[in-house]
>>> print(open('run35.cif').read())   # mmCIF, C-alpha atoms
data_protein
loop_
_atom_site.label_atom_id
_atom_site.label_comp_id
_atom_site.auth_asym_id
_atom_site.auth_seq_id
_atom_site.Cartn_x
_atom_site.Cartn_y
_atom_site.Cartn_z
CA MET A 27 0.00 0.00 0.00
CA THR A 28 1.44 3.36 -1.02
CA ALA A 29 1.26 6.23 1.53
CA ARG A 30 -0.46 9.37 0.36
CA ILE A 31 1.80 12.32 -0.15
CA ASP A 32 0.52 15.69 1.06
CA ARG A 33 1.62 18.09 -1.68
CA ARG A 34 0.95 21.13 0.48
CA SER A 35 3.21 19.79 3.26
CA ILE A 36 6.03 19.22 0.78
CA LEU A 37 5.71 22.73 -0.60
CA ALA A 38 5.62 24.23 2.90
CA GLY A 39 8.72 22.27 3.94
CA ALA A 40 10.58 23.26 0.81
CA GLY A 41 9.72 26.91 1.43
CA ALA A 42 11.07 26.71 4.96
CA LEU A 43 14.33 25.17 3.76
CA LEU A 44 14.77 27.82 1.10
CA ALA A 45 14.28 30.55 3.69
CA MET A 46 16.83 29.16 6.16
CA PRO A 47 20.17 30.05 4.53
CA SER A 48 19.61 33.83 4.52
CA ALA A 49 18.24 33.90 8.06
CA SER A 50 20.16 31.22 9.99
CA PHE A 51 23.25 30.27 8.08
CA GLY A 52 24.16 33.86 7.22
CA GLN A 53 23.96 34.92 10.84
CA GLN A 54 26.02 31.94 12.01
CA SER A 55 28.87 32.93 9.69
CA TRP A 56 28.69 36.68 10.35
CA PRO A 57 30.99 38.63 10.13
CA GLN A 58 33.24 36.37 8.03
CA GLY A 59 34.62 38.26 5.04
CA ARG A 60 33.37 41.61 6.36
CA VAL A 61 35.16 44.57 7.87
CA VAL A 62 33.35 46.02 10.89
CA LYS A 63 33.79 49.72 11.62
CA LEU A 64 33.70 50.93 15.23
CA VAL A 65 33.02 54.66 15.34
CA VAL A 66 34.56 56.64 18.21
CA PRO A 67 32.89 60.09 18.27
CA PHE A 68 35.95 61.68 19.91
CA THR A 69 39.56 62.44 19.03
CA PRO A 70 42.23 59.74 19.47
CA GLY A 71 43.82 59.27 22.89
CA GLY A 72 40.84 59.77 25.19
CA ALA A 73 39.19 57.11 27.34
CA THR A 74 36.52 56.29 24.72
CA ASP A 75 39.18 55.86 22.05
CA VAL A 76 41.46 53.73 24.23
CA LEU A 77 38.65 51.41 25.32
CA GLY A 78 37.28 51.29 21.77
CA ARG A 79 40.62 50.13 20.42
CA LEU A 80 40.97 47.49 23.12
CA ILE A 81 37.58 45.97 22.35
CA ALA A 82 38.12 46.30 18.58
CA ASP A 83 41.37 44.34 18.83
CA LYS A 84 39.71 41.65 20.93
CA LEU A 85 36.74 41.26 18.58
CA SER A 86 39.11 41.10 15.60
CA GLN A 87 40.86 38.17 17.26
CA THR A 88 37.57 36.46 18.09
CA TRP A 89 36.04 36.87 14.65
CA GLY A 90 39.15 36.45 12.55
CA SER A 91 37.87 39.50 10.71
CA GLY A 92 38.99 43.12 10.88
CA VAL A 93 37.39 45.60 13.27
CA ILE A 94 38.70 49.07 12.50
CA VAL A 95 38.33 52.15 14.67
CA GLU A 96 37.20 55.35 12.99
CA ASN A 97 37.45 58.59 14.95
CA ARG A 98 34.67 61.02 14.03
CA PRO A 99 34.86 63.81 16.63
CA GLY A 100 32.94 67.05 16.83
CA ALA A 101 29.92 68.76 18.38
CA GLY A 102 30.23 66.97 21.69
CA SER A 103 30.16 63.51 20.02
CA ASN A 104 27.09 64.37 17.91
CA ILE A 105 28.82 64.07 14.52
CA GLY A 106 30.02 60.49 14.97
CA THR A 107 26.87 59.44 16.78
CA GLU A 108 24.63 60.77 14.00
CA ALA A 109 26.73 58.98 11.38
CA VAL A 110 26.08 55.64 13.06
CA ALA A 111 22.37 56.38 13.48
CA LYS A 112 22.12 56.80 9.70
CA ALA A 113 24.38 53.85 8.79
CA GLU A 114 23.11 50.67 7.13
CA PRO A 115 21.80 48.37 9.91
CA ASN A 116 23.84 45.33 8.88
CA GLY A 117 26.24 45.05 11.82
CA GLU A 118 29.13 46.56 9.88
CA THR A 119 28.96 49.94 11.65
CA LEU A 120 29.01 50.13 15.45
CA LEU A 121 29.32 52.95 17.98
CA ILE A 122 31.17 53.16 21.27
CA VAL A 123 29.76 56.11 23.14
CA SER A 124 29.58 57.58 26.63
CA VAL A 125 27.26 59.81 28.62
CA GLY A 126 26.71 62.16 25.68
CA LEU A 127 24.15 59.74 24.27
CA ALA A 128 22.03 60.45 27.35
CA THR A 129 22.72 64.17 27.71
CA ASN A 130 23.16 65.77 24.29
CA GLN A 131 19.47 66.03 23.47
CA TYR A 132 19.17 68.32 26.49
CA LEU A 133 22.46 70.19 26.02
CA TYR A 134 22.04 71.06 22.34
CA SER A 135 19.17 72.97 20.77
CA LYS A 136 18.99 70.39 17.98
CA ILE A 137 20.45 66.95 17.33
CA ASN A 138 19.68 64.78 14.31
CA TYR A 139 19.15 61.46 16.07
CA ASP A 140 17.02 59.95 18.82
CA PRO A 141 19.06 58.10 21.48
CA ILE A 142 16.34 55.49 21.94
CA LYS A 143 14.66 55.11 18.55
CA ASP A 144 17.76 55.28 16.35
CA PHE A 145 19.99 52.80 18.18
CA ALA A 146 20.00 49.17 19.21
CA PRO A 147 21.79 48.69 22.55
CA ILE A 148 24.43 45.95 22.52
CA THR A 149 26.36 45.92 25.80
CA MET A 150 28.27 47.97 28.34
CA VAL A 151 32.01 47.82 27.71
CA ALA A 152 33.24 49.47 30.90
CA LEU A 153 32.49 51.92 33.67
CA VAL A 154 35.12 54.25 35.12
CA PRO A 155 34.67 56.15 38.38
CA ASN A 156 35.48 59.81 38.70
CA LEU A 157 37.65 60.89 41.61
CA LEU A 158 37.01 64.08 43.55
CA VAL A 159 40.38 65.76 44.01
CA VAL A 160 41.28 69.17 45.46
CA ARG A 161 44.38 71.35 45.46
CA ASN A 162 46.71 70.49 48.32
CA ASP A 163 46.42 73.84 50.08
CA LEU A 164 42.61 73.81 50.20
CA PRO A 165 41.82 73.42 53.93
CA VAL A 166 39.69 70.27 53.58
CA LYS A 167 40.55 66.61 54.02
CA SER A 168 37.19 64.94 53.56
CA VAL A 169 33.96 65.31 51.60
CA ALA A 170 32.19 66.53 54.73
CA GLU A 171 34.84 69.22 55.25
CA LEU A 172 34.56 70.28 51.61
CA ILE A 173 30.80 70.70 51.94
CA ALA A 174 31.22 72.78 55.12
CA HIS A 175 33.89 74.92 53.47
CA ALA A 176 31.77 75.46 50.35
CA LYS A 177 28.75 76.48 52.44
CA ALA A 178 30.89 78.92 54.40
CA ASN A 179 32.22 80.39 51.13
CA PRO A 180 29.30 80.35 48.67
CA GLY A 181 30.29 81.01 45.06
CA LYS A 182 33.99 81.23 45.87
CA LEU A 183 35.19 77.69 45.12
CA THR A 184 35.95 76.81 41.50
CA TYR A 185 35.57 73.34 40.04
CA ALA A 186 37.12 72.40 36.70
CA SER A 187 35.83 70.01 34.07
CA SER A 188 36.78 68.69 30.64
CA GLY A 189 33.91 70.60 29.04
CA VAL A 190 30.26 71.56 29.34
CA GLY A 191 27.99 68.53 29.74
CA THR A 192 30.76 65.99 30.37
CA SER A 193 30.49 63.57 33.28
CA LEU A 194 33.07 65.71 35.09
CA HIS A 195 30.84 68.78 34.77
CA LEU A 196 27.67 66.89 35.65
CA SER A 197 29.36 65.38 38.71
CA GLY A 198 29.93 68.91 39.99
CA GLU A 199 26.37 70.01 39.24
CA LEU A 200 24.87 66.96 40.96
CA PHE A 201 27.15 67.49 43.95
CA GLN A 202 25.95 71.09 44.33
CA LYS A 203 22.31 70.09 44.01
CA LEU A 204 22.50 67.33 46.62
CA THR A 205 24.62 69.31 49.10
CA GLY A 206 23.05 72.75 48.71
CA THR A 207 26.40 74.31 47.85
CA LYS A 208 27.30 76.85 45.18
CA MET A 209 30.56 76.70 43.21
CA VAL A 210 31.81 78.22 39.96
CA HIS A 211 32.27 75.93 36.95
CA VAL A 212 35.47 76.37 34.92
CA PRO A 213 35.29 74.28 31.71
CA TYR A 214 38.44 73.21 29.86
CA ARG A 215 38.87 71.50 26.49
CA GLY A 216 40.17 68.43 28.28
CA SER A 217 41.08 67.34 31.78
CA ALA A 218 44.87 67.33 31.32
CA GLN A 219 45.18 71.13 31.48
CA ALA A 220 42.59 71.24 34.24
CA ILE A 221 44.71 68.92 36.40
CA GLN A 222 47.77 71.06 35.72
CA ASP A 223 45.88 74.15 36.85
CA LEU A 224 44.62 72.31 39.91
CA MET A 225 48.17 71.42 40.89
CA GLY A 226 49.14 75.04 40.26
CA GLY A 227 46.36 76.30 42.53
CA ARG A 228 44.43 78.10 39.77
CA VAL A 229 41.27 76.05 40.39
CA ASP A 230 40.10 74.41 43.60
CA LEU A 231 38.79 70.98 42.67
CA ILE A 232 37.71 68.60 39.92
CA PHE A 233 35.71 65.38 39.63
CA ASP A 234 38.18 63.86 37.18
CA ASN A 235 38.30 60.42 35.56
CA ILE A 236 40.12 58.24 38.06
CA THR A 237 42.48 57.06 35.31
CA SER A 238 44.14 60.47 35.04
CA ALA A 239 43.60 61.80 38.58
CA LEU A 240 44.68 58.77 40.60
CA PRO A 241 48.42 58.84 39.77
CA GLN A 242 48.63 62.50 40.79
CA ALA A 243 46.68 61.84 43.99
CA LYS A 244 48.88 58.87 44.90
CA ALA A 245 51.96 60.99 44.23
CA GLY A 246 50.68 63.67 46.61
CA ALA A 247 50.44 66.38 43.94
CA ILE A 248 46.72 66.77 44.69
CA ARG A 249 44.44 65.46 47.44
CA GLY A 250 41.83 62.78 46.74
CA LEU A 251 38.63 62.90 48.77
CA GLY A 252 36.28 60.29 47.30
CA VAL A 253 35.05 58.38 44.28
CA THR A 254 31.83 59.26 42.50
CA THR A 255 30.51 55.69 42.30
CA ALA A 256 28.26 54.16 44.94
CA LYS A 257 30.94 51.59 45.85
CA ARG A 258 34.68 51.84 46.42
CA ALA A 259 36.82 51.44 43.32
CA PRO A 260 38.92 48.24 43.42
CA THR A 261 41.93 50.15 42.06
CA ALA A 262 41.65 52.87 44.72
CA PRO A 263 40.00 51.36 47.82
CA GLU A 264 41.50 54.04 50.04
CA PHE A 265 39.01 56.60 48.73
CA PRO A 266 35.46 56.30 50.12
CA PRO A 267 32.40 56.82 47.92
CA ILE A 268 31.07 60.37 48.05
CA ALA A 269 27.67 58.70 48.58
CA GLU A 270 28.71 57.79 52.13
CA THR A 271 28.47 61.51 52.90
CA VAL A 272 26.03 62.56 50.16
CA PRO A 273 23.25 59.96 49.82
CA GLY A 274 22.11 59.41 46.24
CA PHE A 275 25.35 60.60 44.65
CA ASP A 276 26.36 58.06 41.99
CA VAL A 277 28.17 58.99 38.76
CA SER A 278 30.25 56.91 36.37
CA SER A 279 31.97 57.65 33.12
CA TRP A 280 30.51 54.79 31.08
CA PHE A 281 31.36 53.39 27.67
CA ALA A 282 28.88 51.24 25.76
CA LEU A 283 28.35 49.64 22.35
CA PHE A 284 25.37 50.48 20.15
CA ALA A 285 24.35 49.64 16.58
CA PRO A 286 21.93 51.35 14.21
CA ALA A 287 18.30 50.52 14.94
CA LYS A 288 16.91 47.56 12.97
CA THR A 289 20.24 45.72 13.00
CA PRO A 290 19.26 42.00 12.97
CA PRO A 291 18.76 40.71 16.54
CA ALA A 292 20.96 37.65 15.90
CA ILE A 293 23.88 39.90 14.96
CA ILE A 294 23.32 42.08 18.03
CA ALA A 295 23.24 38.96 20.21
CA LYS A 296 26.51 37.69 18.73
CA ILE A 297 28.32 41.00 19.28
CA GLN A 298 27.00 41.14 22.86
CA ALA A 299 28.10 37.58 23.64
CA ASP A 300 31.55 38.01 22.08
CA THR A 301 32.10 41.36 23.80
CA LYS A 302 31.10 39.89 27.14
CA ALA A 303 33.56 37.04 26.63
CA GLY A 304 36.19 39.57 25.60
CA VAL A 305 35.97 41.83 28.65
CA THR A 306 36.23 38.82 30.96
CA ASP A 307 39.35 37.52 29.19
CA PRO A 308 42.28 37.81 31.65
CA ALA A 309 44.58 39.59 29.18
CA LEU A 310 42.03 42.27 28.31
CA ARG A 311 40.88 42.46 31.93
CA ALA A 312 44.43 43.33 32.99
CA LYS A 313 44.56 46.18 30.47
CA MET A 314 41.22 47.50 31.70
CA ASP A 315 42.37 47.25 35.32
CA ALA A 316 45.29 49.49 34.42
CA LEU A 317 42.73 52.09 33.32
CA ALA A 318 40.72 51.62 36.54
CA ALA A 319 37.86 50.45 34.30
CA GLU A 320 35.23 48.03 35.57
CA PRO A 321 34.42 45.56 32.76
CA GLY A 322 30.83 45.45 31.53
CA GLY A 323 29.34 42.68 29.44
CA TRP A 324 25.74 43.59 30.27
CA THR A 325 22.74 42.21 28.44
CA GLN A 326 20.96 44.32 25.86
CA ASP A 327 18.01 44.82 28.21
CA GLU A 328 20.28 45.92 31.05
CA LEU A 329 21.95 48.53 28.84
CA ALA A 330 18.59 49.75 27.51
CA ALA A 331 17.28 50.21 31.06
CA PHE A 332 20.48 51.97 32.12
CA LEU A 333 20.30 54.39 29.19
CA ARG A 334 16.73 55.31 30.09
CA SER A 335 17.75 55.92 33.70
CA GLU A 336 20.63 58.15 32.57
CA LEU A 337 18.30 60.11 30.27
CA LYS A 338 15.96 60.71 33.20
CA LYS A 339 18.64 61.59 35.76
CA TRP A 340 20.68 63.95 33.61
CA GLY A 341 17.75 65.35 31.67
CA ASP A 342 16.08 66.50 34.87
CA LEU A 343 19.30 68.03 36.20
CA ILE A 344 20.28 69.77 32.95
CA LYS A 345 16.84 71.31 32.56
CA GLU A 346 16.74 72.37 36.22
CA VAL A 347 20.17 74.02 36.11
CA GLY A 348 19.75 75.36 32.58
CA ILE A 349 22.98 73.97 31.08
CA LYS A 350 23.53 74.56 27.36
CA ALA A 351 26.44 73.47 25.19
CA ASP A 352 25.60 75.64 22.16
#
>>> encode(input="run35.cif", output="structure tokens")
Amino acid sequence: MTARIDRRSILAGAGALLAMPSASFGQQSWPQGRVVKLVVPFTPGGATDVLGRLIADKLSQTWGSGVIVENRPGAGSNIGTEAVAKAEPNGETLLIVSVGLATNQYLYSKINYDPIKDFAPITMVALVPNLLVVRNDLPVKSVAELIAHAKANPGKLTYASSGVGTSLHLSGELFQKLTGTKMVHVPYRGSAQAIQDLMGGRVDLIFDNITSALPQAKAGAIRGLGVTTAKRAPTAPEFPPIAETVPGFDVSSWFALFAPAKTPPAIIAKIQADTKAGVTDPALRAKMDALAAEPGGWTQDELAAFLRSELKKWGDLIKEVGIKAD
């Protein structure tokens, strides 16, 4: 007896098989034969650039395919960020970005991208604490003493930053809001000159990236008072969190990977998994430790939730204080 053959079942099965190569097999082999571009929206040499190059090298090794870093600085990271927002969503153009993705829509009168709608979150690469440091001859040796001194001298203390709207600037603004103090902001084009002026006594304090401030603090050229993160930094456990004195104070310089919106989910998942494996690799971990960077490797959902929380926190503060970068 011959079994009946269901012609519709055969056709349906054949259709499914024909559809599989482009969806499954192509994603399994990605990015073989492709060059992936990682856009850094800042000049070479800064923390975003250094961390971007570390993760690009690691992903190149993992994939056996080139990951090149392209620096596209300008307009507070808006130029490079916009370029990625408008790139083809095929996984070949990625963005490593910091707090500007959460703050620029409030700092600038107009930007040509939406931080939520135009990007697919991939993963956090690293978080770096800021370190509150003061000039050596400022008569304070703790965060509590700094607050008391600032309240006794309203509008007289100066705090430097690496520019309007940076995490260094926002650390100072949040500190003033939560402590009820009033200081004068002195923006620089980078933190290197700001640290030099702090050591020279021309400004009073700065909430600088721990990577650049810690060596000077350890050498005694400036005085460290506390880290901006809610927990002590493993690389500088001698400095207490500012939050121990100022509840609710929690600021990190963070560096995360994003792709253009509508990038295939399977490609996003692969980049996330390979980046997570990369930042936990002992060799890369050692390099990140040298930068006082806490490795990330978050899930896409964790990064998406974090970005929304940063948009809320800094958006409220920027609008309240009236900060503008243009």
>>> resolve_selection(input="run35.cif", expression="the PyMOL selection byres ((chain A and resi 142) around 9)", output="NGL selection string")
:A and (139-141 or 143-147 or 287 or 330 or 333-334)
>>> residues_around(input="run35.cif", residues="Thr149 (chain A)", least_positions_apart="5", cutoff="9 Å", atoms="all atoms listed in the file", output="number ranges by chain")
A: 282-284, 297-299, 301-302, 322-330
>>> residues_around(input="run35.cif", residues="region 224-239 of chain A", least_positions_apart="3", cutoff="10 Å", atoms="all atoms listed in the file", output="PyMOL selection string")
chain A and resi 73+154-164+172+182-188+193-198+201+209-212+217-221+242-244+246-254+259+261-262+277-279+315-319
>>> atom_distance(input="run35.cif", atom1="CA of Ile105 (chain A)", atom2="CA of Pro67 (chain A)")
6.8 Å
>>> atom_distance(input="run35.cif", atom1="CA of Ile293 (chain A)", atom2="CA of Asp75 (chain A)")
23.2 Å
>>> residues_around(input="run35.cif", residues="Leu200 (chain A)", least_positions_apart="3", cutoff="10 Å", atoms="all atoms listed in the file", output="JSON, numbers by chain")
{"A": [195, 196, 197, 203, 204, 205, 206, 274, 275, 276, 277, 339, 340, 343, 344, 347]}
>>> closest_residue(input="run35.cif", among="A:Ala285, A:Ile81, A:Ala128, A:Val166", to="Lys112 (chain A)", atoms="only C-alpha atoms")
A:Ala285
>>> residues_around(input="run35.cif", residues="Ala109 (chain A)", least_positions_apart="5", cutoff="12 Å", atoms="only C-alpha atoms", output="list of chain:residue names")
A:Lys63, A:Leu64, A:Val65, A:Val66, A:Pro67, A:Glu96, A:Asn97, A:Arg98, A:Pro99, A:Gly100, A:Ser103, A:Asn104, A:Glu114, A:Pro115, A:Thr119, A:Leu120, A:Leu121, A:Ile137, A:Asn138, A:Tyr139, A:Asp144, A:Phe145, A:Ala285, A:Pro286
>>> atom_distance(input="run35.cif", atom1="CA of Leu337 (chain A)", atom2="CA of Arg311 (chain A)")
28.7 Å
>>> resolve_selection(input="run35.cif", expression="the PyMOL selection byres ((chain A and resi 180) around 7)", output="JSON, numbers by chain")
{"A": [176, 177, 178, 179, 181, 182, 207, 208, 209]}
>>> closest_residue(input="run35.cif", among="A:Ala303, A:Ala82, A:Ile294, A:Ala101", to="Asp352 (chain A)", atoms="only C-alpha atoms")
A:Ala101
>>> closest_residue(input="run35.cif", among="A:Ala351, A:Glu270, A:Pro165, A:Glu118", to="Ser135 (chain A)", atoms="all atoms listed in the file")
A:Ala351
>>> closest_residue(input="run35.cif", among="A:Glu264, A:Asp83, A:Glu346, A:Glu336", to="Leu127 (chain A)", atoms="all atoms listed in the file")
A:Glu336
>>> build_atoms(input="run35.cif", residues="region 298-324 of chain A", atoms="N, CA and C atoms", output="PDB file, in the frame of the given file")
ATOM      1  N   GLN A 298      27.111  41.043  21.392  1.00  0.00           N
ATOM      2  CA  GLN A 298      27.000  41.140  22.860  1.00  0.00           C
ATOM      3  C   GLN A 298      27.734  39.970  23.518  1.00  0.00           C
ATOM      4  N   ALA A 299      27.482  38.767  23.031  1.00  0.00           N
ATOM      5  CA  ALA A 299      28.100  37.580  23.640  1.00  0.00           C
ATOM      6  C   ALA A 299      29.620  37.604  23.488  1.00  0.00           C
ATOM      7  N   ASP A 300      30.107  37.994  22.314  1.00  0.00           N
ATOM      8  CA  ASP A 300      31.550  38.010  22.080  1.00  0.00           C
ATOM      9  C   ASP A 300      32.226  39.136  22.846  1.00  0.00           C
ATOM     10  N   THR A 301      31.543  40.264  23.004  1.00  0.00           N
ATOM     11  CA  THR A 301      32.100  41.360  23.800  1.00  0.00           C
ATOM     12  C   THR A 301      32.164  40.980  25.266  1.00  0.00           C
ATOM     13  N   LYS A 302      31.111  40.341  25.750  1.00  0.00           N
ATOM     14  CA  LYS A 302      31.100  39.890  27.140  1.00  0.00           C
ATOM     15  C   LYS A 302      32.243  38.922  27.404  1.00  0.00           C
ATOM     16  N   ALA A 303      32.438  37.980  26.480  1.00  0.00           N
ATOM     17  CA  ALA A 303      33.560  37.040  26.630  1.00  0.00           C
ATOM     18  C   ALA A 303      34.885  37.778  26.581  1.00  0.00           C
ATOM     19  N   GLY A 304      34.959  38.817  25.739  1.00  0.00           N
ATOM     20  CA  GLY A 304      36.190  39.570  25.600  1.00  0.00           C
ATOM     21  C   GLY A 304      36.582  40.323  26.851  1.00  0.00           C
ATOM     22  N   VAL A 305      35.625  41.011  27.478  1.00  0.00           N
ATOM     23  CA  VAL A 305      35.970  41.830  28.650  1.00  0.00           C
ATOM     24  C   VAL A 305      36.241  40.991  29.886  1.00  0.00           C
ATOM     25  N   THR A 306      35.892  39.694  29.845  1.00  0.00           N
ATOM     26  CA  THR A 306      36.230  38.820  30.960  1.00  0.00           C
ATOM     27  C   THR A 306      37.507  38.017  30.697  1.00  0.00           C
ATOM     28  N   ASP A 307      38.081  38.178  29.504  1.00  0.00           N
ATOM     29  CA  ASP A 307      39.350  37.520  29.190  1.00  0.00           C
ATOM     30  C   ASP A 307      40.457  38.111  30.063  1.00  0.00           C
ATOM     31  N   PRO A 308      41.270  37.295  30.716  1.00  0.00           N
ATOM     32  CA  PRO A 308      42.280  37.810  31.650  1.00  0.00           C
ATOM     33  C   PRO A 308      43.225  38.849  31.045  1.00  0.00           C
ATOM     34  N   ALA A 309      43.636  38.653  29.800  1.00  0.00           N
ATOM     35  CA  ALA A 309      44.580  39.590  29.180  1.00  0.00           C
ATOM     36  C   ALA A 309      43.942  40.963  29.000  1.00  0.00           C
ATOM     37  N   LEU A 310      42.716  40.994  28.489  1.00  0.00           N
ATOM     38  CA  LEU A 310      42.030  42.270  28.310  1.00  0.00           C
ATOM     39  C   LEU A 310      41.645  42.851  29.660  1.00  0.00           C
ATOM     40  N   ARG A 311      41.258  41.997  30.586  1.00  0.00           N
ATOM     41  CA  ARG A 311      40.880  42.460  31.930  1.00  0.00           C
ATOM     42  C   ARG A 311      42.055  43.187  32.586  1.00  0.00           C
ATOM     43  N   ALA A 312      43.252  42.687  32.394  1.00  0.00           N
ATOM     44  CA  ALA A 312      44.430  43.330  32.990  1.00  0.00           C
ATOM     45  C   ALA A 312      44.638  44.732  32.409  1.00  0.00           C
ATOM     46  N   LYS A 313      44.418  44.867  31.103  1.00  0.00           N
ATOM     47  CA  LYS A 313      44.560  46.180  30.470  1.00  0.00           C
ATOM     48  C   LYS A 313      43.498  47.156  30.978  1.00  0.00           C
ATOM     49  N   MET A 314      42.279  46.645  31.190  1.00  0.00           N
ATOM     50  CA  MET A 314      41.220  47.500  31.700  1.00  0.00           C
ATOM     51  C   MET A 314      41.457  47.868  33.160  1.00  0.00           C
ATOM     52  N   ASP A 315      42.015  46.943  33.926  1.00  0.00           N
ATOM     53  CA  ASP A 315      42.370  47.250  35.320  1.00  0.00           C
ATOM     54  C   ASP A 315      43.362  48.387  35.396  1.00  0.00           C
ATOM     55  N   ALA A 316      44.292  48.414  34.442  1.00  0.00           N
ATOM     56  CA  ALA A 316      45.290  49.490  34.420  1.00  0.00           C
ATOM     57  C   ALA A 316      44.655  50.847  34.175  1.00  0.00           C
ATOM     58  N   LEU A 317      43.469  50.845  33.564  1.00  0.00           N
ATOM     59  CA  LEU A 317      42.730  52.090  33.320  1.00  0.00           C
ATOM     60  C   LEU A 317      41.694  52.350  34.408  1.00  0.00           C
ATOM     61  N   ALA A 318      41.701  51.524  35.456  1.00  0.00           N
ATOM     62  CA  ALA A 318      40.720  51.620  36.540  1.00  0.00           C
ATOM     63  C   ALA A 318      39.305  51.436  36.009  1.00  0.00           C
ATOM     64  N   ALA A 319      39.163  50.659  34.936  1.00  0.00           N
ATOM     65  CA  ALA A 319      37.860  50.450  34.300  1.00  0.00           C
ATOM     66  C   ALA A 319      37.243  49.145  34.787  1.00  0.00           C
ATOM     67  N   GLU A 320      35.976  49.219  35.177  1.00  0.00           N
ATOM     68  CA  GLU A 320      35.230  48.030  35.570  1.00  0.00           C
ATOM     69  C   GLU A 320      34.600  47.403  34.334  1.00  0.00           C
ATOM     70  N   PRO A 321      34.959  46.174  33.974  1.00  0.00           N
ATOM     71  CA  PRO A 321      34.420  45.560  32.760  1.00  0.00           C
ATOM     72  C   PRO A 321      32.902  45.424  32.808  1.00  0.00           C
ATOM     73  N   GLY A 322      32.280  45.547  31.633  1.00  0.00           N
ATOM     74  CA  GLY A 322      30.830  45.450  31.530  1.00  0.00           C
ATOM     75  C   GLY A 322      30.379  44.066  31.136  1.00  0.00           C
ATOM     76  N   GLY A 323      29.874  43.949  29.885  1.00  0.00           N
ATOM     77  CA  GLY A 323      29.340  42.680  29.440  1.00  0.00           C
ATOM     78  C   GLY A 323      27.861  42.521  29.726  1.00  0.00           C
ATOM     79  N   TRP A 324      27.160  43.643  29.933  1.00  0.00           N
ATOM     80  CA  TRP A 324      25.740  43.590  30.270  1.00  0.00           C
ATOM     81  C   TRP A 324      24.907  43.024  29.128  1.00  0.00           C
TER      82      TRP A 324
END
